[in-house]
Amino acid sequence: MSCDTYGYYFSLASAGTDFYMAWYATTGWESFIYGHGIAGTGGLGPFFTHATGQDYGQCRSTVYGPVRAVPVRQSVYHVQWYAGDGCWGTPWFERIDSAAAWLDGAEQDSRTWYPPPLDSGFDGADEDAFAAWFYSQTSIAGRWAIGGQNVAVSTRTPSSVGSAPSVAAANGSVVVVWSQEHTVAGVDTQIRATRVTRDLGRLEPDGGMLVANVPSGITSSPVATFDGSRWLAAWTELAAATQTNDLRVVSIGTDGTLGSPVVIAEDVAAGSMRIASTRDGRALVAFARRHDDLYGIRSMLVDPSIVP
């Protein structure tokens, strides 16, 4: 197949024994959301066409990215993309077996948004998956993929920082972490979070729990992962004394207990970090740091001895 993939509008995920890749493509007048199962041995599995739509008008096409794929168990993945109606847009979801066929028909969020969402945090939770996204730059909407249960993650986000919250799943529950700046004089830029379960919905009060105050300013959206017993959230912030960026990590317990944020690296590139875990009590944090005229990618293993 030959088409313009728009570069960054693709996603690759692994369920442990195989892989699934989903991507957005366009011919210039028609757009597609495609997917492909990939066996652990490298052989190609079934090819999926998740959605198609024609481009029109001054707004986006009827389907667009970014596209997200997350695993929920062996060979089973949730895929999330966006579809528009004029200048409005809404997330769509589909669950597939990468070695066989669709498990559910595509479902759209029951609400439409203007302006349309630019991106979502998305992660698998047991058989389900949860997505969260900013809208109107002041609130965060959420949705469970199966059955379409909506969650008002926050309606008290004065002004969001970054394109999307981060979502990390832990045995049927998720944490949503985001950064926000205030328009009120004297109120610091903040990292905030809330836990969500399918049965109970949002567990924190509207606006979430305060994770960290950052008077000097946050220079990236946070990213989060679950290490097997607790969540870890990471972000970059301006170090006022040096005017460089620090990389800070904090733990969030499944019961809502917060650790103390720890600086694990200094003089890093803003917004460059990623975090992942094999759920064995450790997490790998990757980030970029400038050296002379070049940037190098570095990483650090984080465990409770480093981030309590």
# chains A, B, ... in the order shown; residues from 1 in each chain; ligands from 1
>>> residues_around(residues="Val72 (chain A)", least_positions_apart="4", cutoff="6 Å", atoms="only C-alpha atoms", output="list in words")
Val76, Tyr77, Gly124, Asp126 and Glu127 of chain A
>>> residues_around(residues="region 143-150 of chain A", least_positions_apart="2", cutoff="7 Å", atoms="only C-alpha atoms", output="list in words")
Phe93, Asp109, Asp128, Ala129, Phe130, Ala131, Ala132 and Ala152 of chain A
>>> write_last_selection(atoms="C-alpha atoms", output="mmCIF file, in the first residue's frame")
data_model
loop_
_atom_site.group_PDB
_atom_site.id
_atom_site.type_symbol
_atom_site.label_atom_id
_atom_site.label_comp_id
_atom_site.auth_asym_id
_atom_site.auth_seq_id
_atom_site.Cartn_x
_atom_site.Cartn_y
_atom_site.Cartn_z
ATOM 1 C CA PHE A 93 -13.020 3.003 19.680
ATOM 2 C CA ASP A 109 -18.147 8.782 22.015
ATOM 3 C CA ASP A 128 -11.488 -2.529 28.716
ATOM 4 C CA ALA A 129 -9.561 0.646 27.917
ATOM 5 C CA PHE A 130 -9.873 4.255 29.050
ATOM 6 C CA ALA A 131 -9.283 7.472 27.116
ATOM 7 C CA ALA A 132 -9.019 11.031 28.451
ATOM 8 C CA ALA A 152 -16.125 13.851 33.752
#
>>> residues_around(residues="Leu232 (chain A)", least_positions_apart="2", cutoff="12 Å", atoms="only C-alpha atoms", output="ChimeraX atom specification")
/A:166-170,175-177,193,211,222-230,234-235,248-254,257-262,274-277,279,281-285,302-304,306-308
>>> closest_atom_pairs(of="region 70-155 of chain A", to="region 21-30 of chain A", cutoff="12 Å", atoms="only C-alpha atoms", output="Markdown table")
| residue | atom | partner | partner_atom | distance |
| --- | --- | --- | --- | --- |
| A:Val70 | CA | A:Met21 | CA | 9.7 |
| A:Pro71 | CA | A:Met21 | CA | 10.9 |
| A:Ser75 | CA | A:Met21 | CA | 11.9 |
| A:Tyr77 | CA | A:Met21 | CA | 9.9 |
| A:His78 | CA | A:Ala22 | CA | 10.2 |
| A:Val79 | CA | A:Ala22 | CA | 7.4 |
| A:Gln80 | CA | A:Ala22 | CA | 9.1 |
| A:Trp81 | CA | A:Tyr24 | CA | 8.5 |
| A:Tyr82 | CA | A:Tyr24 | CA | 10.0 |
| A:Ala83 | CA | A:Tyr24 | CA | 11.5 |
| A:Glu94 | CA | A:Ala22 | CA | 11.4 |
| A:Ile96 | CA | A:Ala22 | CA | 11.3 |
| A:Ser98 | CA | A:Met21 | CA | 9.4 |
>>> write_last_selection(atoms="N, CA, C and O atoms", output="PDB file, in the first residue's frame")
ATOM      1  N   VAL A  70      -3.665  -0.059  22.208  1.00  0.00           N
ATOM      2  CA  VAL A  70      -3.173  -0.529  23.502  1.00  0.00           C
ATOM      3  C   VAL A  70      -3.586  -1.984  23.688  1.00  0.00           C
ATOM      4  O   VAL A  70      -4.667  -2.397  23.261  1.00  0.00           O
ATOM      5  N   PRO A  71      -2.735  -2.815  24.312  1.00  0.00           N
ATOM      6  CA  PRO A  71      -3.077  -4.219  24.535  1.00  0.00           C
ATOM      7  C   PRO A  71      -3.937  -4.387  25.783  1.00  0.00           C
ATOM      8  O   PRO A  71      -3.828  -3.627  26.741  1.00  0.00           O
ATOM      9  N   SER A  75      -3.092 -11.033  22.097  1.00  0.00           N
ATOM     10  CA  SER A  75      -3.677 -10.845  20.765  1.00  0.00           C
ATOM     11  C   SER A  75      -4.831  -9.856  20.725  1.00  0.00           C
ATOM     12  O   SER A  75      -5.348  -9.576  19.647  1.00  0.00           O
ATOM     13  N   TYR A  77      -6.492  -6.091  21.350  1.00  0.00           N
ATOM     14  CA  TYR A  77      -6.107  -4.685  21.442  1.00  0.00           C
ATOM     15  C   TYR A  77      -7.324  -3.792  21.305  1.00  0.00           C
ATOM     16  O   TYR A  77      -8.307  -4.150  20.650  1.00  0.00           O
ATOM     17  N   HIS A  78      -7.245  -2.639  21.946  1.00  0.00           N
ATOM     18  CA  HIS A  78      -8.180  -1.552  21.682  1.00  0.00           C
ATOM     19  C   HIS A  78      -7.492  -0.536  20.783  1.00  0.00           C
ATOM     20  O   HIS A  78      -6.324  -0.202  20.981  1.00  0.00           O
ATOM     21  N   VAL A  79      -8.247  -0.021  19.800  1.00  0.00           N
ATOM     22  CA  VAL A  79      -7.745   1.001  18.888  1.00  0.00           C
ATOM     23  C   VAL A  79      -8.637   2.234  19.037  1.00  0.00           C
ATOM     24  O   VAL A  79      -9.864   2.111  19.122  1.00  0.00           O
ATOM     25  N   GLN A  80      -8.018   3.412  19.084  1.00  0.00           N
ATOM     26  CA  GLN A  80      -8.764   4.659  19.231  1.00  0.00           C
ATOM     27  C   GLN A  80      -8.286   5.668  18.197  1.00  0.00           C
ATOM     28  O   GLN A  80      -7.093   5.808  17.956  1.00  0.00           O
ATOM     29  N   TRP A  81      -9.251   6.346  17.546  1.00  0.00           N
ATOM     30  CA  TRP A  81      -8.939   7.382  16.571  1.00  0.00           C
ATOM     31  C   TRP A  81     -10.026   8.449  16.682  1.00  0.00           C
ATOM     32  O   TRP A  81     -10.821   8.443  17.630  1.00  0.00           O
ATOM     33  N   TYR A  82     -10.075   9.371  15.718  1.00  0.00           N
ATOM     34  CA  TYR A  82     -11.042  10.467  15.761  1.00  0.00           C
ATOM     35  C   TYR A  82     -11.809  10.539  14.445  1.00  0.00           C
ATOM     36  O   TYR A  82     -11.273  10.218  13.388  1.00  0.00           O
ATOM     37  N   ALA A  83     -13.039  10.974  14.552  1.00  0.00           N
ATOM     38  CA  ALA A  83     -13.842  11.240  13.358  1.00  0.00           C
ATOM     39  C   ALA A  83     -14.502  12.596  13.526  1.00  0.00           C
ATOM     40  O   ALA A  83     -14.914  12.968  14.631  1.00  0.00           O
ATOM     41  N   GLU A  94     -12.466   0.745  18.982  1.00  0.00           N
ATOM     42  CA  GLU A  94     -12.749  -0.577  18.440  1.00  0.00           C
ATOM     43  C   GLU A  94     -11.820  -1.582  19.100  1.00  0.00           C
ATOM     44  O   GLU A  94     -10.642  -1.299  19.339  1.00  0.00           O
ATOM     45  N   ILE A  96     -10.163  -5.398  18.811  1.00  0.00           N
ATOM     46  CA  ILE A  96      -9.898  -6.415  17.787  1.00  0.00           C
ATOM     47  C   ILE A  96      -9.016  -7.524  18.360  1.00  0.00           C
ATOM     48  O   ILE A  96      -8.311  -7.343  19.359  1.00  0.00           O
ATOM     49  N   SER A  98      -5.927  -9.420  17.030  1.00  0.00           N
ATOM     50  CA  SER A  98      -4.981  -9.209  15.936  1.00  0.00           C
ATOM     51  C   SER A  98      -4.711 -10.468  15.133  1.00  0.00           C
ATOM     52  O   SER A  98      -4.198 -10.391  14.019  1.00  0.00           O
TER      53      SER A  98
END
>>> closest_atom_pairs(of="region 56-148 of chain A", to="region 154-162 of chain A", cutoff="9 Å", atoms="only C-alpha atoms", output="JSON lines")
{"residue": "A:Phe134", "atom": "CA", "partner": "A:Ser160", "partner_atom": "CA", "distance": 7.4}
{"residue": "A:Gln137", "atom": "CA", "partner": "A:Ser160", "partner_atom": "CA", "distance": 5.5}
{"residue": "A:Thr138", "atom": "CA", "partner": "A:Thr157", "partner_atom": "CA", "distance": 4.8}
{"residue": "A:Ser139", "atom": "CA", "partner": "A:Thr155", "partner_atom": "CA", "distance": 4.4}
{"residue": "A:Ile140", "atom": "CA", "partner": "A:Ser154", "partner_atom": "CA", "distance": 5.0}
{"residue": "A:Ala141", "atom": "CA", "partner": "A:Ser154", "partner_atom": "CA", "distance": 7.0}
>>> write_last_selection(atoms="N, CA and C atoms", output="PDB file, in the first residue's frame")
ATOM      1  N   PHE A 134      -8.388  16.669  26.698  1.00  0.00           N
ATOM      2  CA  PHE A 134      -8.797  18.033  27.010  1.00  0.00           C
ATOM      3  C   PHE A 134      -9.891  18.481  26.042  1.00  0.00           C
ATOM      4  N   GLN A 137      -9.962  23.490  26.475  1.00  0.00           N
ATOM      5  CA  GLN A 137      -8.762  23.868  27.220  1.00  0.00           C
ATOM      6  C   GLN A 137      -9.030  24.135  28.692  1.00  0.00           C
ATOM      7  N   THR A 138     -10.201  23.777  29.193  1.00  0.00           N
ATOM      8  CA  THR A 138     -10.503  24.007  30.604  1.00  0.00           C
ATOM      9  C   THR A 138     -11.041  22.774  31.307  1.00  0.00           C
ATOM     10  N   SER A 139     -11.345  21.726  30.570  1.00  0.00           N
ATOM     11  CA  SER A 139     -11.932  20.534  31.176  1.00  0.00           C
ATOM     12  C   SER A 139     -11.317  19.285  30.557  1.00  0.00           C
ATOM     13  N   ILE A 140     -11.507  18.147  31.243  1.00  0.00           N
ATOM     14  CA  ILE A 140     -11.001  16.859  30.769  1.00  0.00           C
ATOM     15  C   ILE A 140     -12.154  15.874  30.730  1.00  0.00           C
ATOM     16  N   ALA A 141     -12.401  15.309  29.566  1.00  0.00           N
ATOM     17  CA  ALA A 141     -13.431  14.287  29.392  1.00  0.00           C
ATOM     18  C   ALA A 141     -12.760  12.919  29.378  1.00  0.00           C
TER      19      ALA A 141
END
>>> residues_around(residues="Ala39 (chain A)", least_positions_apart="6", cutoff="9 Å", atoms="only C-alpha atoms", output="NGL selection string")
:A and (17-20 or 45 or 98-99)
>>> residues_around(residues="Leu247 (chain A)", least_positions_apart="4", cutoff="12 Å", atoms="only C-alpha atoms", output="PyMOL selection string")
chain A and resi 218-223+233-239+261-275+285-289+299-300
>>> write_last_selection(atoms="N, CA and C atoms", output="short mmCIF file (atom, residue, chain, number, x, y, z; two decimals), in the first residue's frame")
data_model
loop_
_atom_site.label_atom_id
_atom_site.label_comp_id
_atom_site.auth_asym_id
_atom_site.auth_seq_id
_atom_site.Cartn_x
_atom_site.Cartn_y
_atom_site.Cartn_z
N ILE A 218 5.96 24.42 34.40
CA ILE A 218 6.08 23.09 33.83
C ILE A 218 6.42 23.22 32.35
N THR A 219 7.36 22.46 31.87
CA THR A 219 7.80 22.58 30.47
C THR A 219 7.41 21.37 29.64
N SER A 220 6.55 20.48 30.18
CA SER A 220 6.05 19.35 29.39
C SER A 220 4.79 18.81 30.03
N SER A 221 4.02 18.07 29.26
CA SER A 221 2.92 17.29 29.83
C SER A 221 3.51 16.12 30.59
N PRO A 222 2.86 15.69 31.68
CA PRO A 222 3.37 14.52 32.41
C PRO A 222 3.11 13.23 31.65
N VAL A 223 3.90 12.21 31.94
CA VAL A 223 3.66 10.86 31.44
C VAL A 223 3.60 9.94 32.66
N ALA A 233 4.53 9.08 37.89
CA ALA A 233 4.31 10.17 36.93
C ALA A 233 5.60 10.98 36.81
N ALA A 234 5.94 11.37 35.58
CA ALA A 234 7.17 12.12 35.32
C ALA A 234 6.85 13.34 34.48
N TRP A 235 7.59 14.42 34.68
CA TRP A 235 7.43 15.64 33.89
C TRP A 235 8.72 16.44 33.95
N THR A 236 8.83 17.43 33.07
CA THR A 236 9.97 18.35 33.13
C THR A 236 9.47 19.72 33.58
N GLU A 237 10.33 20.41 34.33
CA GLU A 237 9.99 21.73 34.85
C GLU A 237 11.23 22.61 34.82
N LEU A 238 10.99 23.90 34.78
CA LEU A 238 12.09 24.86 34.71
C LEU A 238 12.76 24.98 36.08
N ALA A 239 14.08 24.85 36.09
CA ALA A 239 14.87 25.09 37.30
C ALA A 239 15.21 26.57 37.34
N PRO A 261 7.81 14.34 45.20
CA PRO A 261 8.47 14.43 43.89
C PRO A 261 9.99 14.48 44.04
N VAL A 262 10.68 13.73 43.17
CA VAL A 262 12.13 13.61 43.22
C VAL A 262 12.72 14.02 41.88
N VAL A 263 13.74 14.87 41.89
CA VAL A 263 14.46 15.20 40.66
C VAL A 263 15.43 14.06 40.37
N ILE A 264 15.25 13.39 39.23
CA ILE A 264 16.14 12.27 38.90
C ILE A 264 17.17 12.64 37.83
N ALA A 265 16.97 13.78 37.15
CA ALA A 265 17.94 14.21 36.14
C ALA A 265 17.81 15.72 35.96
N GLU A 266 18.94 16.37 35.70
CA GLU A 266 18.97 17.81 35.48
C GLU A 266 19.43 18.12 34.06
N ASP A 267 19.14 19.33 33.63
CA ASP A 267 19.57 19.82 32.32
C ASP A 267 19.12 18.87 31.21
N VAL A 268 17.81 18.56 31.20
CA VAL A 268 17.26 17.67 30.18
C VAL A 268 16.51 18.52 29.15
N ALA A 269 16.22 17.93 28.00
CA ALA A 269 15.42 18.61 26.98
C ALA A 269 13.96 18.63 27.42
N ALA A 270 13.32 19.76 27.31
CA ALA A 270 11.92 19.90 27.74
C ALA A 270 11.03 18.96 26.95
N GLY A 271 10.17 18.25 27.66
CA GLY A 271 9.17 17.41 27.00
C GLY A 271 9.72 16.17 26.34
N SER A 272 10.94 15.78 26.66
CA SER A 272 11.57 14.68 25.93
C SER A 272 11.37 13.33 26.58
N MET A 273 10.75 13.25 27.76
CA MET A 273 10.80 12.01 28.53
C MET A 273 9.68 11.05 28.16
N ARG A 274 9.95 9.76 28.37
CA ARG A 274 8.97 8.69 28.27
C ARG A 274 9.20 7.75 29.45
N ILE A 275 8.15 7.03 29.86
CA ILE A 275 8.28 6.13 31.00
C ILE A 275 7.50 4.85 30.71
N VAL A 285 12.82 5.26 32.71
CA VAL A 285 12.54 6.62 32.26
C VAL A 285 13.59 6.99 31.22
N ALA A 286 13.16 7.38 30.04
CA ALA A 286 14.06 7.80 28.97
C ALA A 286 13.89 9.30 28.74
N PHE A 287 14.98 9.99 28.43
CA PHE A 287 14.93 11.44 28.23
C PHE A 287 16.09 11.85 27.34
N ALA A 288 16.01 13.08 26.87
CA ALA A 288 17.07 13.63 26.00
C ALA A 288 17.84 14.71 26.75
N ARG A 289 19.15 14.78 26.47
CA ARG A 289 19.99 15.82 27.06
C ARG A 289 20.96 16.31 25.99
N SER A 299 18.72 7.04 29.67
CA SER A 299 17.64 6.37 30.42
C SER A 299 18.10 6.07 31.83
N MET A 300 17.12 5.86 32.70
CA MET A 300 17.41 5.56 34.11
C MET A 300 16.33 4.62 34.64
#
>>> closest_residue(among="A:Asn245, A:Asn171, A:Thr197, A:Gln54", to="Ala125 (chain A)", atoms="only C-alpha atoms")
A:Asn171
>>> atom_distance(atom1="CA of Ala212 (chain A)", atom2="CA of Ser173 (chain A)")
21.9 Å
>>> atom_distance(atom1="CA of Thr194 (chain A)", atom2="CA of Ala106 (chain A)")
27.5 Å
>>> closest_residue(among="A:Arg68, A:Ser31, A:Ala100, A:Asp246", to="Gly84 (chain A)", atoms="only C-alpha atoms")
A:Ser31
>>> residues_around(residues="Asp188 (chain A)", least_positions_apart="5", cutoff="9 Å", atoms="only C-alpha atoms", output="list in words")
Glu181, His182, Asn213, Val214, Pro215, Ser216 and Gly217 of chain A
>>> atom_distance(atom1="CA of Tyr135 (chain A)", atom2="CA of Gly121 (chain A)")
12.8 Å
>>> residues_around(residues="Gln108 (chain A)", least_positions_apart="5", cutoff="7 Å", atoms="only C-alpha atoms", output="number ranges by chain")
A: 90-93
>>> select_by_dssp(residues="region 158-215 of chain A", states="strand (DSSP E or B)", output="ChimeraX atom specification")
/A:160-170,173-180,189-197,201-202,209-214
